[in-house]
$ cat run.cif   # mmCIF, C-alpha atoms and all ligand atoms
data_structure
loop_
_atom_site.group_PDB
_atom_site.id
_atom_site.type_symbol
_atom_site.label_atom_id
_atom_site.label_comp_id
_atom_site.auth_asym_id
_atom_site.auth_seq_id
_atom_site.Cartn_x
_atom_site.Cartn_y
_atom_site.Cartn_z
ATOM 1 C CA MET A 145 -47.847 26.999 42.205
ATOM 2 C CA ALA A 146 -50.974 25.578 43.819
ATOM 3 C CA LEU A 147 -52.185 26.636 47.260
ATOM 4 C CA LEU A 148 -51.241 23.801 49.599
ATOM 5 C CA ILE A 149 -54.286 22.908 51.694
ATOM 6 C CA ASP A 150 -52.731 22.176 55.072
ATOM 7 C CA GLY A 151 -54.838 19.548 56.835
ATOM 8 C CA LYS A 152 -52.391 19.308 59.697
ATOM 9 C CA GLN A 153 -52.732 22.993 60.514
ATOM 10 C CA ILE A 154 -56.517 23.141 59.933
ATOM 11 C CA SER A 155 -57.157 20.019 62.039
ATOM 12 C CA ALA A 156 -54.967 21.479 64.811
ATOM 13 C CA GLN A 157 -57.035 24.675 64.713
ATOM 14 C CA ILE A 158 -60.308 22.703 64.971
ATOM 15 C CA LYS A 159 -58.911 20.724 67.898
ATOM 16 C CA GLU A 160 -57.928 23.979 69.652
ATOM 17 C CA GLU A 161 -61.462 25.335 69.169
ATOM 18 C CA LEU A 162 -62.936 22.105 70.553
ATOM 19 C CA LYS A 163 -60.519 22.069 73.488
ATOM 20 C CA GLU A 164 -61.688 25.521 74.491
ATOM 21 C CA GLU A 165 -65.354 24.562 74.184
ATOM 22 C CA VAL A 166 -64.900 21.294 76.089
ATOM 23 C CA GLY A 167 -63.117 23.252 78.833
ATOM 24 C CA LYS A 168 -66.216 25.415 79.215
ATOM 25 C CA MET A 169 -68.476 22.346 79.175
ATOM 26 C CA THR A 170 -66.374 20.753 81.892
ATOM 27 C CA GLU A 171 -66.752 23.918 84.018
ATOM 28 C CA ARG A 172 -70.528 23.566 83.596
ATOM 29 C CA GLY A 173 -70.280 19.991 84.849
ATOM 30 C CA THR A 174 -70.649 18.285 81.445
ATOM 31 C CA THR A 175 -68.133 15.544 80.694
ATOM 32 C CA VAL A 176 -67.931 14.550 77.028
ATOM 33 C CA THR A 177 -67.416 10.796 76.700
ATOM 34 C CA LEU A 178 -66.522 8.637 73.702
ATOM 35 C CA ALA A 179 -66.725 4.844 73.898
ATOM 36 C CA VAL A 180 -64.405 3.090 71.439
ATOM 37 C CA ILE A 181 -64.852 -0.595 70.664
ATOM 38 C CA LEU A 182 -62.102 -2.585 68.978
ATOM 39 C CA VAL A 183 -62.544 -6.240 68.060
ATOM 40 C CA GLY A 184 -59.364 -8.184 67.308
ATOM 41 C CA GLU A 185 -55.866 -6.884 66.763
ATOM 42 C CA ASP A 186 -55.713 -5.564 63.207
ATOM 43 C CA PRO A 187 -52.503 -3.457 63.343
ATOM 44 C CA ALA A 188 -53.913 -0.505 61.366
ATOM 45 C CA SER A 189 -57.063 -0.461 63.529
ATOM 46 C CA CYS A 190 -54.950 -0.492 66.703
ATOM 47 C CA VAL A 191 -53.057 2.589 65.434
ATOM 48 C CA TYR A 192 -56.304 4.385 64.505
ATOM 49 C CA VAL A 193 -57.859 3.633 67.900
ATOM 50 C CA ARG A 194 -54.729 4.816 69.718
ATOM 51 C CA ASN A 195 -54.757 8.093 67.732
ATOM 52 C CA LYS A 196 -58.459 8.627 68.472
ATOM 53 C CA LYS A 197 -57.875 8.105 72.200
ATOM 54 C CA ARG A 198 -54.921 10.532 72.114
ATOM 55 C CA ALA A 199 -57.013 13.207 70.399
ATOM 56 C CA CYS A 200 -59.722 12.765 73.060
ATOM 57 C CA GLU A 201 -57.163 13.187 75.814
ATOM 58 C CA TYR A 202 -55.777 16.360 74.222
ATOM 59 C CA ILE A 203 -59.209 17.976 73.871
ATOM 60 C CA GLY A 204 -60.467 16.909 77.291
ATOM 61 C CA ILE A 205 -62.916 14.262 76.091
ATOM 62 C CA ARG A 206 -63.120 11.208 78.330
ATOM 63 C CA SER A 207 -62.519 8.058 76.302
ATOM 64 C CA ILE A 208 -63.424 4.610 77.456
ATOM 65 C CA SER A 209 -62.401 1.645 75.406
ATOM 66 C CA CYS A 210 -63.509 -1.897 75.116
ATOM 67 C CA GLU A 211 -60.953 -4.144 73.485
ATOM 68 C CA LEU A 212 -62.428 -7.519 72.613
ATOM 69 C CA PRO A 213 -60.707 -10.648 71.260
ATOM 70 C CA ALA A 214 -61.121 -11.520 67.543
ATOM 71 C CA LYS A 215 -63.243 -14.562 68.485
ATOM 72 C CA THR A 216 -65.923 -12.348 70.131
ATOM 73 C CA THR A 217 -69.383 -13.341 68.889
ATOM 74 C CA GLN A 218 -71.741 -10.905 67.236
ATOM 75 C CA GLU A 219 -74.121 -11.347 70.158
ATOM 76 C CA GLU A 220 -71.420 -10.392 72.662
ATOM 77 C CA LEU A 221 -70.507 -7.297 70.629
ATOM 78 C CA LEU A 222 -74.161 -6.259 70.315
ATOM 79 C CA SER A 223 -74.540 -6.583 74.062
ATOM 80 C CA VAL A 224 -71.537 -4.247 74.651
ATOM 81 C CA ILE A 225 -73.133 -1.701 72.286
ATOM 82 C CA LYS A 226 -76.460 -2.035 74.110
ATOM 83 C CA GLY A 227 -74.694 -1.270 77.392
ATOM 84 C CA TYR A 228 -73.185 1.946 75.951
ATOM 85 C CA ASN A 229 -76.525 2.907 74.341
ATOM 86 C CA GLU A 230 -78.172 2.721 77.751
ATOM 87 C CA ASP A 231 -75.355 4.486 79.613
ATOM 88 C CA ASP A 232 -76.302 8.181 79.851
ATOM 89 C CA SER A 233 -72.707 9.173 80.553
ATOM 90 C CA VAL A 234 -71.654 7.967 77.060
ATOM 91 C CA ASP A 235 -72.106 10.585 74.302
ATOM 92 C CA GLY A 236 -70.526 8.831 71.322
ATOM 93 C CA ILE A 237 -69.999 5.186 70.354
ATOM 94 C CA LEU A 238 -67.452 4.122 67.759
ATOM 95 C CA VAL A 239 -66.917 0.556 66.589
ATOM 96 C CA GLN A 240 -63.624 0.410 64.712
ATOM 97 C CA LEU A 241 -63.963 -1.231 61.295
ATOM 98 C CA PRO A 242 -63.225 -3.669 59.720
ATOM 99 C CA LEU A 243 -64.734 -6.312 61.989
ATOM 100 C CA PRO A 244 -63.785 -10.019 61.924
ATOM 101 C CA GLU A 245 -65.537 -11.856 59.081
ATOM 102 C CA HIS A 246 -68.000 -13.785 61.262
ATOM 103 C CA ILE A 247 -69.581 -10.489 62.419
ATOM 104 C CA ASN A 248 -72.174 -8.699 60.286
ATOM 105 C CA GLU A 249 -71.006 -5.092 60.027
ATOM 106 C CA ASP A 250 -74.446 -3.748 59.078
ATOM 107 C CA ALA A 251 -76.076 -5.340 62.117
ATOM 108 C CA VAL A 252 -73.435 -3.783 64.355
ATOM 109 C CA ILE A 253 -73.758 -0.297 62.824
ATOM 110 C CA GLU A 254 -77.550 -0.489 63.088
ATOM 111 C CA ALA A 255 -77.321 -1.423 66.770
ATOM 112 C CA ILE A 256 -75.727 1.913 67.677
ATOM 113 C CA ASP A 257 -78.174 4.530 69.000
ATOM 114 C CA PRO A 258 -78.283 7.184 66.202
ATOM 115 C CA LYS A 259 -77.951 9.884 68.900
ATOM 116 C CA LYS A 260 -74.500 8.423 69.686
ATOM 117 C CA ASP A 261 -73.496 7.514 66.103
ATOM 118 C CA VAL A 262 -70.423 9.766 65.912
ATOM 119 C CA ASP A 263 -69.114 7.910 62.820
ATOM 120 C CA GLY A 264 -72.328 8.815 60.950
ATOM 121 C CA PHE A 265 -72.634 5.294 59.504
ATOM 122 C CA HIS A 266 -76.119 4.393 60.842
ATOM 123 C CA PRO A 267 -78.829 4.303 58.104
ATOM 124 C CA GLN A 268 -80.762 6.940 60.091
ATOM 125 C CA SER A 269 -77.739 9.289 60.022
ATOM 126 C CA VAL A 270 -77.272 8.639 56.287
ATOM 127 C CA GLY A 271 -80.969 9.242 55.585
ATOM 128 C CA ALA A 272 -80.945 12.445 57.652
ATOM 129 C CA LEU A 273 -78.048 13.764 55.571
ATOM 130 C CA TRP A 274 -79.887 13.073 52.314
ATOM 131 C CA ILE A 275 -83.081 14.831 53.380
ATOM 132 C CA GLY A 276 -81.365 17.733 55.136
ATOM 133 C CA LYS A 277 -82.271 16.777 58.713
ATOM 134 C CA PRO A 278 -79.878 17.046 61.672
ATOM 135 C CA GLY A 279 -77.714 13.975 62.198
ATOM 136 C CA PHE A 280 -74.090 12.924 62.281
ATOM 137 C CA VAL A 281 -72.044 13.054 59.088
ATOM 138 C CA SER A 282 -69.247 10.653 58.151
ATOM 139 C CA CYS A 283 -65.993 12.230 59.366
ATOM 140 C CA THR A 284 -63.782 12.159 56.253
ATOM 141 C CA PRO A 285 -66.191 13.990 53.901
ATOM 142 C CA ALA A 286 -67.171 16.404 56.699
ATOM 143 C CA GLY A 287 -63.453 17.121 57.131
ATOM 144 C CA ILE A 288 -63.060 17.808 53.404
ATOM 145 C CA ILE A 289 -65.815 20.451 53.562
ATOM 146 C CA GLN A 290 -63.900 22.104 56.428
ATOM 147 C CA LEU A 291 -60.646 21.999 54.408
ATOM 148 C CA LEU A 292 -62.356 23.731 51.470
ATOM 149 C CA LYS A 293 -64.141 26.333 53.590
ATOM 150 C CA ARG A 294 -61.176 27.167 55.778
ATOM 151 C CA SER A 295 -58.894 27.477 52.717
ATOM 152 C CA GLY A 296 -61.287 29.894 51.034
ATOM 153 C CA VAL A 297 -62.321 27.521 48.223
ATOM 154 C CA GLU A 298 -65.799 28.555 47.090
ATOM 155 C CA ILE A 299 -68.229 25.612 46.601
ATOM 156 C CA GLU A 300 -71.489 27.353 45.679
ATOM 157 C CA GLY A 301 -72.328 27.151 41.983
ATOM 158 C CA ARG A 302 -69.127 25.325 41.097
ATOM 159 C CA GLU A 303 -68.590 22.035 39.284
ATOM 160 C CA CYS A 304 -67.683 19.336 41.826
ATOM 161 C CA VAL A 305 -66.611 15.879 40.650
ATOM 162 C CA VAL A 306 -66.337 13.075 43.211
ATOM 163 C CA VAL A 307 -64.515 9.954 42.005
ATOM 164 C CA GLY A 308 -65.531 7.004 44.189
ATOM 165 C CA ARG A 309 -68.946 5.980 45.502
ATOM 166 C CA SER A 310 -68.294 4.345 48.867
ATOM 167 C CA ASN A 311 -70.812 4.739 51.688
ATOM 168 C CA ILE A 312 -68.133 6.272 53.929
ATOM 169 C CA VAL A 313 -66.593 8.809 51.526
ATOM 170 C CA GLY A 314 -67.959 9.185 47.971
ATOM 171 C CA LYS A 315 -71.717 9.206 48.596
ATOM 172 C CA PRO A 316 -71.751 11.470 51.681
ATOM 173 C CA MET A 317 -69.137 13.714 50.002
ATOM 174 C CA ALA A 318 -71.437 14.269 47.030
ATOM 175 C CA GLN A 319 -74.354 15.076 49.318
ATOM 176 C CA LEU A 320 -72.324 17.551 51.408
ATOM 177 C CA LEU A 321 -71.105 19.371 48.287
ATOM 178 C CA LEU A 322 -74.721 19.521 47.070
ATOM 179 C CA ARG A 323 -75.766 20.935 50.456
ATOM 180 C CA GLU A 324 -73.182 23.700 49.891
ATOM 181 C CA ASN A 325 -74.859 24.412 46.525
ATOM 182 C CA GLY A 326 -72.181 22.807 44.361
ATOM 183 C CA THR A 327 -73.124 21.121 41.061
ATOM 184 C CA VAL A 328 -72.131 17.536 41.703
ATOM 185 C CA THR A 329 -71.127 14.580 39.520
ATOM 186 C CA ILE A 330 -70.301 11.175 41.035
ATOM 187 C CA CYS A 331 -67.920 8.985 39.025
ATOM 188 C CA HIS A 332 -66.991 5.338 39.536
ATOM 189 C CA SER A 333 -65.294 2.359 37.897
ATOM 190 C CA ARG A 334 -67.855 2.211 35.049
ATOM 191 C CA THR A 335 -67.729 5.926 34.210
ATOM 192 C CA LYS A 336 -66.892 6.531 30.554
ATOM 193 C CA ASN A 337 -64.305 9.183 29.618
ATOM 194 C CA LEU A 338 -63.221 9.690 33.221
ATOM 195 C CA PRO A 339 -60.395 12.178 32.429
ATOM 196 C CA GLU A 340 -62.831 14.297 30.430
ATOM 197 C CA VAL A 341 -65.443 14.345 33.209
ATOM 198 C CA CYS A 342 -62.765 15.143 35.820
ATOM 199 C CA ARG A 343 -61.460 18.027 33.695
ATOM 200 C CA ARG A 344 -64.868 19.716 34.129
ATOM 201 C CA ALA A 345 -64.275 19.981 37.859
ATOM 202 C CA ASP A 346 -63.554 23.157 39.785
ATOM 203 C CA ILE A 347 -63.350 20.854 42.825
ATOM 204 C CA LEU A 348 -62.100 17.304 42.212
ATOM 205 C CA VAL A 349 -62.367 14.789 45.056
ATOM 206 C CA CYS A 350 -60.198 11.731 44.386
ATOM 207 C CA ALA A 351 -61.278 8.658 46.361
ATOM 208 C CA ILE A 352 -60.618 5.779 43.988
ATOM 209 C CA GLY A 353 -58.123 3.801 46.079
ATOM 210 C CA LYS A 354 -55.362 3.548 43.434
ATOM 211 C CA PRO A 355 -51.924 5.066 44.091
ATOM 212 C CA LYS A 356 -51.009 8.090 41.927
ATOM 213 C CA PHE A 357 -53.949 7.379 39.578
ATOM 214 C CA PHE A 358 -54.831 11.023 38.921
ATOM 215 C CA THR A 359 -52.337 12.807 36.658
ATOM 216 C CA LYS A 360 -52.570 16.298 35.188
ATOM 217 C CA ASP A 361 -54.700 14.826 32.354
ATOM 218 C CA TYR A 362 -57.586 14.684 34.873
ATOM 219 C CA VAL A 363 -57.242 18.225 36.162
ATOM 220 C CA LYS A 364 -58.542 21.531 34.845
ATOM 221 C CA PRO A 365 -55.981 24.307 35.367
ATOM 222 C CA GLY A 366 -56.767 26.111 38.612
ATOM 223 C CA ALA A 367 -58.979 23.336 40.072
ATOM 224 C CA ALA A 368 -58.953 22.420 43.775
ATOM 225 C CA VAL A 369 -57.801 18.795 44.066
ATOM 226 C CA ILE A 370 -58.637 16.814 47.202
ATOM 227 C CA ASP A 371 -56.783 13.533 47.672
ATOM 228 C CA VAL A 372 -58.527 10.994 49.912
ATOM 229 C CA GLY A 373 -56.182 8.096 49.101
ATOM 230 C CA ILE A 374 -53.453 6.796 51.342
ATOM 231 C CA HIS A 375 -51.008 4.152 50.133
ATOM 232 C CA ARG A 376 -47.554 2.988 51.068
ATOM 233 C CA ASN A 377 -45.140 2.404 48.185
ATOM 234 C CA ALA A 378 -42.254 -0.075 47.916
ATOM 235 C CA GLU A 379 -39.915 2.337 49.753
ATOM 236 C CA ASN A 380 -42.453 2.599 52.603
ATOM 237 C CA LYS A 381 -43.309 6.175 51.588
ATOM 238 C CA LEU A 382 -46.894 7.422 51.746
ATOM 239 C CA CYS A 383 -48.686 8.615 48.637
ATOM 240 C CA GLY A 384 -52.279 9.340 47.672
ATOM 241 C CA ASP A 385 -54.599 8.683 44.725
ATOM 242 C CA VAL A 386 -53.139 11.806 43.083
ATOM 243 C CA ASP A 387 -49.773 12.004 41.381
ATOM 244 C CA PHE A 388 -48.850 15.092 43.383
ATOM 245 C CA ALA A 389 -45.702 16.077 41.463
ATOM 246 C CA ASP A 390 -47.574 15.903 38.147
ATOM 247 C CA VAL A 391 -50.794 17.635 39.292
ATOM 248 C CA GLU A 392 -49.491 20.337 41.651
ATOM 249 C CA PRO A 393 -48.171 22.644 38.893
ATOM 250 C CA VAL A 394 -51.604 22.825 37.187
ATOM 251 C CA ALA A 395 -53.918 22.773 40.239
ATOM 252 C CA GLY A 396 -55.149 25.934 41.955
ATOM 253 C CA ALA A 397 -55.167 24.220 45.348
ATOM 254 C CA ILE A 398 -54.214 20.710 46.436
ATOM 255 C CA THR A 399 -54.070 18.546 49.568
ATOM 256 C CA PRO A 400 -50.797 16.717 50.264
ATOM 257 C CA VAL A 401 -50.527 13.093 51.440
ATOM 258 C CA PRO A 402 -49.732 12.827 54.277
ATOM 259 C CA GLY A 403 -50.965 16.009 55.980
ATOM 260 C CA GLY A 404 -54.096 16.714 53.933
ATOM 261 C CA VAL A 405 -57.381 14.865 54.398
ATOM 262 C CA GLY A 406 -56.002 12.287 56.879
ATOM 263 C CA PRO A 407 -55.695 14.488 59.993
ATOM 264 C CA MET A 408 -59.178 15.929 59.394
ATOM 265 C CA THR A 409 -60.980 12.621 60.001
ATOM 266 C CA ILE A 410 -60.078 12.491 63.692
ATOM 267 C CA ALA A 411 -60.726 16.228 64.139
ATOM 268 C CA MET A 412 -64.270 15.735 62.788
ATOM 269 C CA LEU A 413 -64.798 12.681 64.992
ATOM 270 C CA MET A 414 -63.949 14.908 67.952
ATOM 271 C CA GLU A 415 -66.373 17.545 66.620
ATOM 272 C CA ASN A 416 -69.120 14.892 66.367
ATOM 273 C CA CYS A 417 -68.476 13.789 69.973
ATOM 274 C CA VAL A 418 -68.748 17.379 71.194
ATOM 275 C CA GLU A 419 -71.886 17.858 69.068
ATOM 276 C CA ALA A 420 -73.471 14.751 70.685
ATOM 277 C CA ALA A 421 -72.753 16.288 74.104
ATOM 278 C CA ARG A 422 -74.087 19.717 73.000
ATOM 279 C CA ARG A 423 -77.344 18.069 71.904
ATOM 280 C CA LYS A 424 -77.607 16.187 75.197
ATOM 281 C CA GLU A 425 -77.006 19.438 77.120
ATOM 282 C CA SER A 426 -79.704 21.226 75.108
ATOM 283 C CA LEU A 427 -82.252 18.594 76.229
ATOM 284 C CA LYS A 428 -81.535 19.148 79.933
HETATM 285 N N1 LIG B 1 -61.972 2.112 59.803
HETATM 286 C C1 LIG B 1 -61.386 2.899 58.854
HETATM 287 N N2 LIG B 1 -61.922 4.139 58.899
HETATM 288 C C2 LIG B 1 -62.835 4.132 59.879
HETATM 289 C C3 LIG B 1 -63.714 5.126 60.412
HETATM 290 O O1 LIG B 1 -63.762 6.280 59.979
HETATM 291 N N3 LIG B 1 -64.506 4.722 61.440
HETATM 292 C C4 LIG B 1 -64.489 3.466 61.928
HETATM 293 N N4 LIG B 1 -65.322 3.164 62.923
HETATM 294 N N5 LIG B 1 -63.689 2.523 61.458
HETATM 295 C C5 LIG B 1 -62.871 2.865 60.446
#
$ encode --input "run.cif" --output "structure tokens"
Amino acid sequence: MALLIDGKQISAQIKEELKEEVGKMTERGTTVTLAVILVGEDPASCVYVRNKKRACEYIGIRSISCELPAKTTQEELLSVIKGYNEDDSVDGILVQLPLPEHINEDAVIEAIDPKKDVDGFHPQSVGALWIGKPGFVSCTPAGIIQLLKRSGVEIEGRECVVVGRSNIVGKPMAQLLLRENGTVTICHSRTKNLPEVCRRADILVCAIGKPKFFTKDYVKPGAAVIDVGIHRNAENKLCGDVDFADVEPVAGAITPVPGGVGPMTIAMLMENCVEAARRKESLK
């Protein structure tokens, strides 16, 4: 039986810790503020934004939101971002992705002040991560490091295999595992002998975007298996990139879907907002 890595419980614990800290900040007269920008009415994005606002409310972070119609021009969006950049009361700025097709996502991400880049998507944040300088880290991989640490999974000196090379998950994940002194391999769609490479892993991070792709053939007995995928099957049930029923008996530890990596993303966004406010306080 594998250890079940409980993202629901760990994210709840992080939120409790943040709630306590934000309470103390509030007593000192510091209000933590997150500005959330949503363009259009993509149903999944609306749910994500609602959940982010709820988490803010629970922790005591002030959230302000700017909901713009899908026909908003890039110029209009950039001007909203500029307003939040210049507003000293705003600690973090989040532009929910994806954006409508006529808007250049890179230009929007680059317009956010890196000091307020709580998603960690700005090239300056990404560069800072790669050279070991302070900066914000993308929330999902940062959450995975917390899951491993808080479940007692040792990273130092161990073989870590990350399957997937996206800018939001795979690449920052590899860098964070390296920072924890793991030995890291990044795999992708052109990797040869993928099952063989995955079977080397003590820690296997599955972020390939294909439902139930990873079977026990990809897993070394006793490995920690982290499932970043989230898919809905024909019966409307959620599943991940890992075939949980097949892998769980051989894994040493495993994250479920739902209730594994998912809840950690918002918890780490909250942590980044509080961190932005801590940094602002330290400059006073
Ligand atoms: N869309 C899907 N995931 C994310 C995320 O982590 N941040 C933002 N801004 N948009 C997203």
$ residues_near_ligand --input "run.cif" --ligand "ligand LIG 1 (chain B)" --cutoff "10 Å" --atoms "all atoms listed in the file" --output "list in words"
Val180, Ile181, Leu182, Ala188, Ser189, Tyr192, Val193, Ile237, Leu238, Val239, Gln240, Leu241, Pro242, Leu243, Ile253, Asp261, Val262, Asp263, Gly264, Phe265, Ser282, Cys283, Thr284, Ile312, Val313, Thr409, Ile410, Met412 and Leu413 of chain A
$ atom_distance --input "run.cif" --atom1 "atom CA of A:Ser269" --atom2 "atom CA of A:Asn311"
11.8 Å
$ resolve_selection --input "run.cif" --expression "the PyMOL selection byres (((chain A and resi 372) around 12) and not hetatm)" --output "CSV table (one decimal) with C-alpha atoms, in the coordinates of the input"
chain,number,residue,atom,x,y,z
A,151,GLY,CA,-54.8,19.5,56.8
A,284,THR,CA,-63.8,12.2,56.3
A,285,PRO,CA,-66.2,14.0,53.9
A,287,GLY,CA,-63.5,17.1,57.1
A,288,ILE,CA,-63.1,17.8,53.4
A,306,VAL,CA,-66.3,13.1,43.2
A,307,VAL,CA,-64.5,10.0,42.0
A,308,GLY,CA,-65.5,7.0,44.2
A,310,SER,CA,-68.3,4.3,48.9
A,312,ILE,CA,-68.1,6.3,53.9
A,313,VAL,CA,-66.6,8.8,51.5
A,314,GLY,CA,-68.0,9.2,48.0
A,317,MET,CA,-69.1,13.7,50.0
A,348,LEU,CA,-62.1,17.3,42.2
A,349,VAL,CA,-62.4,14.8,45.1
A,350,CYS,CA,-60.2,11.7,44.4
A,351,ALA,CA,-61.3,8.7,46.4
A,352,ILE,CA,-60.6,5.8,44.0
A,353,GLY,CA,-58.1,3.8,46.1
A,354,LYS,CA,-55.4,3.5,43.4
A,355,PRO,CA,-51.9,5.1,44.1
A,356,LYS,CA,-51.0,8.1,41.9
A,357,PHE,CA,-53.9,7.4,39.6
A,358,PHE,CA,-54.8,11.0,38.9
A,369,VAL,CA,-57.8,18.8,44.1
A,370,ILE,CA,-58.6,16.8,47.2
A,371,ASP,CA,-56.8,13.5,47.7
A,373,GLY,CA,-56.2,8.1,49.1
A,374,ILE,CA,-53.5,6.8,51.3
A,375,HIS,CA,-51.0,4.2,50.1
A,383,CYS,CA,-48.7,8.6,48.6
A,384,GLY,CA,-52.3,9.3,47.7
A,385,ASP,CA,-54.6,8.7,44.7
A,386,VAL,CA,-53.1,11.8,43.1
A,398,ILE,CA,-54.2,20.7,46.4
A,399,THR,CA,-54.1,18.5,49.6
A,400,PRO,CA,-50.8,16.7,50.3
A,401,VAL,CA,-50.5,13.1,51.4
A,402,PRO,CA,-49.7,12.8,54.3
A,403,GLY,CA,-51.0,16.0,56.0
A,404,GLY,CA,-54.1,16.7,53.9
A,405,VAL,CA,-57.4,14.9,54.4
A,406,GLY,CA,-56.0,12.3,56.9
A,407,PRO,CA,-55.7,14.5,60.0
A,408,MET,CA,-59.2,15.9,59.4
A,409,THR,CA,-61.0,12.6,60.0
$ axis_aligned_box --input "run.cif" --around "stretch 210-227 of chain A" --padding-each-side "8 Å" --output "lines of an AutoDock Vina configuration file"
center_x = -68.6
center_y = -7.9
center_z = 72.3
size_x = 31.8
size_y = 29.3
size_z = 26.2
$ closest_residue --input "run.cif" --among "A:Ala255, A:Ala146, A:Leu292, A:Ile158" --to "A:Glu219" --atoms "only C-alpha atoms"
A:Ala255
$ resolve_selection --input "run.cif" --expression "the PyMOL selection byres (((chain A and resi 197-200) around 9) and not hetatm)" --output "CSV table (one decimal) with C-alpha atoms, keeping the file's coordinate frame"
chain,number,residue,atom,x,y,z
A,159,LYS,CA,-58.9,20.7,67.9
A,177,THR,CA,-67.4,10.8,76.7
A,178,LEU,CA,-66.5,8.6,73.7
A,180,VAL,CA,-64.4,3.1,71.4
A,192,TYR,CA,-56.3,4.4,64.5
A,193,VAL,CA,-57.9,3.6,67.9
A,194,ARG,CA,-54.7,4.8,69.7
A,195,ASN,CA,-54.8,8.1,67.7
A,196,LYS,CA,-58.5,8.6,68.5
A,201,GLU,CA,-57.2,13.2,75.8
A,202,TYR,CA,-55.8,16.4,74.2
A,203,ILE,CA,-59.2,18.0,73.9
A,204,GLY,CA,-60.5,16.9,77.3
A,205,ILE,CA,-62.9,14.3,76.1
A,206,ARG,CA,-63.1,11.2,78.3
A,207,SER,CA,-62.5,8.1,76.3
A,208,ILE,CA,-63.4,4.6,77.5
A,209,SER,CA,-62.4,1.6,75.4
A,410,ILE,CA,-60.1,12.5,63.7
A,411,ALA,CA,-60.7,16.2,64.1
A,414,MET,CA,-63.9,14.9,68.0
$ residues_around --input "run.cif" --residues "A:Arg344" --least-positions-apart "6" --cutoff "8 Å" --atoms "only C-alpha atoms" --output "PDB file with C-alpha atoms, keeping the file's coordinate frame"
ATOM      1  CA  GLU A 303     -68.590  22.035  39.284  1.00  0.00           C
ATOM      2  CA  VAL A 305     -66.611  15.879  40.650  1.00  0.00           C
ATOM      3  CA  LYS A 364     -58.542  21.531  34.845  1.00  0.00           C
TER       4      LYS A 364
END
$ atom_distance --input "run.cif" --atom1 "atom CA of A:Phe280" --atom2 "atom CA of A:Met169"
20.1 Å
$ atom_distance --input "run.cif" --atom1 "atom CA of A:Asn248" --atom2 "atom CA of A:Leu212"
15.8 Å
$ resolve_selection --input "run.cif" --expression "the PyMOL selection byres (((chain A and resi 227) around 12) and not hetatm)" --output "PyMOL selection string"
chain A and resi 179+181+210+220-226+228-234+237+255-257
$ closest_residue --input "run.cif" --among "A:Asp387, A:Glu419, A:Glu211, A:Glu165" --to "A:Lys260" --atoms "all atoms listed in the file"
A:Glu419
$ residues_around --input "run.cif" --residues "A:Val418" --least-positions-apart "5" --cutoff "8 Å" --atoms "only C-alpha atoms" --output "PyMOL selection string"
chain A and resi 162+166+176
$ closest_residue --input "run.cif" --among "A:Asp150, A:Asp390, A:Asp361, A:Glu300" --to "A:Leu320" --atoms "all atoms listed in the file"
A:Glu300
$ residues_near_point --input "run.cif" --point "(-63.8, 22.8, 44.0)" --cutoff "8 Å" --atoms "all atoms listed in the file" --output "PyMOL selection string"
chain A and resi 292+297-299+302-304+345-348+367-369
$ decode --input "run.cif" --residues "stretch 230-247 of chain A" --atoms "C-alpha atoms" --output "short mmCIF file (atom, residue, chain, number, x, y, z; two decimals), in the first residue's frame"
data_model
loop_
_atom_site.label_atom_id
_atom_site.label_comp_id
_atom_site.auth_asym_id
_atom_site.auth_seq_id
_atom_site.Cartn_x
_atom_site.Cartn_y
_atom_site.Cartn_z
CA GLU A 230 1.27 51.68 -9.99
CA ASP A 231 -1.18 51.10 -7.13
CA ASP A 232 0.90 50.64 -3.95
CA SER A 233 -2.00 48.97 -2.16
CA VAL A 234 -1.88 46.03 -4.64
CA ASP A 235 0.62 43.29 -3.69
CA GLY A 236 -0.11 40.65 -6.32
CA ILE A 237 -1.51 40.73 -9.86
CA LEU A 238 -2.94 37.66 -11.55
CA VAL A 239 -4.24 37.56 -15.12
CA GLN A 240 -6.24 34.37 -15.55
CA LEU A 241 -5.16 32.38 -18.61
CA PRO A 242 -6.03 31.50 -21.33
CA LEU A 243 -6.72 34.91 -22.86
CA PRO A 244 -8.87 35.50 -25.97
CA GLU A 245 -6.92 34.77 -29.16
CA HIS A 246 -6.51 38.40 -30.26
CA ILE A 247 -4.45 39.13 -27.11
#
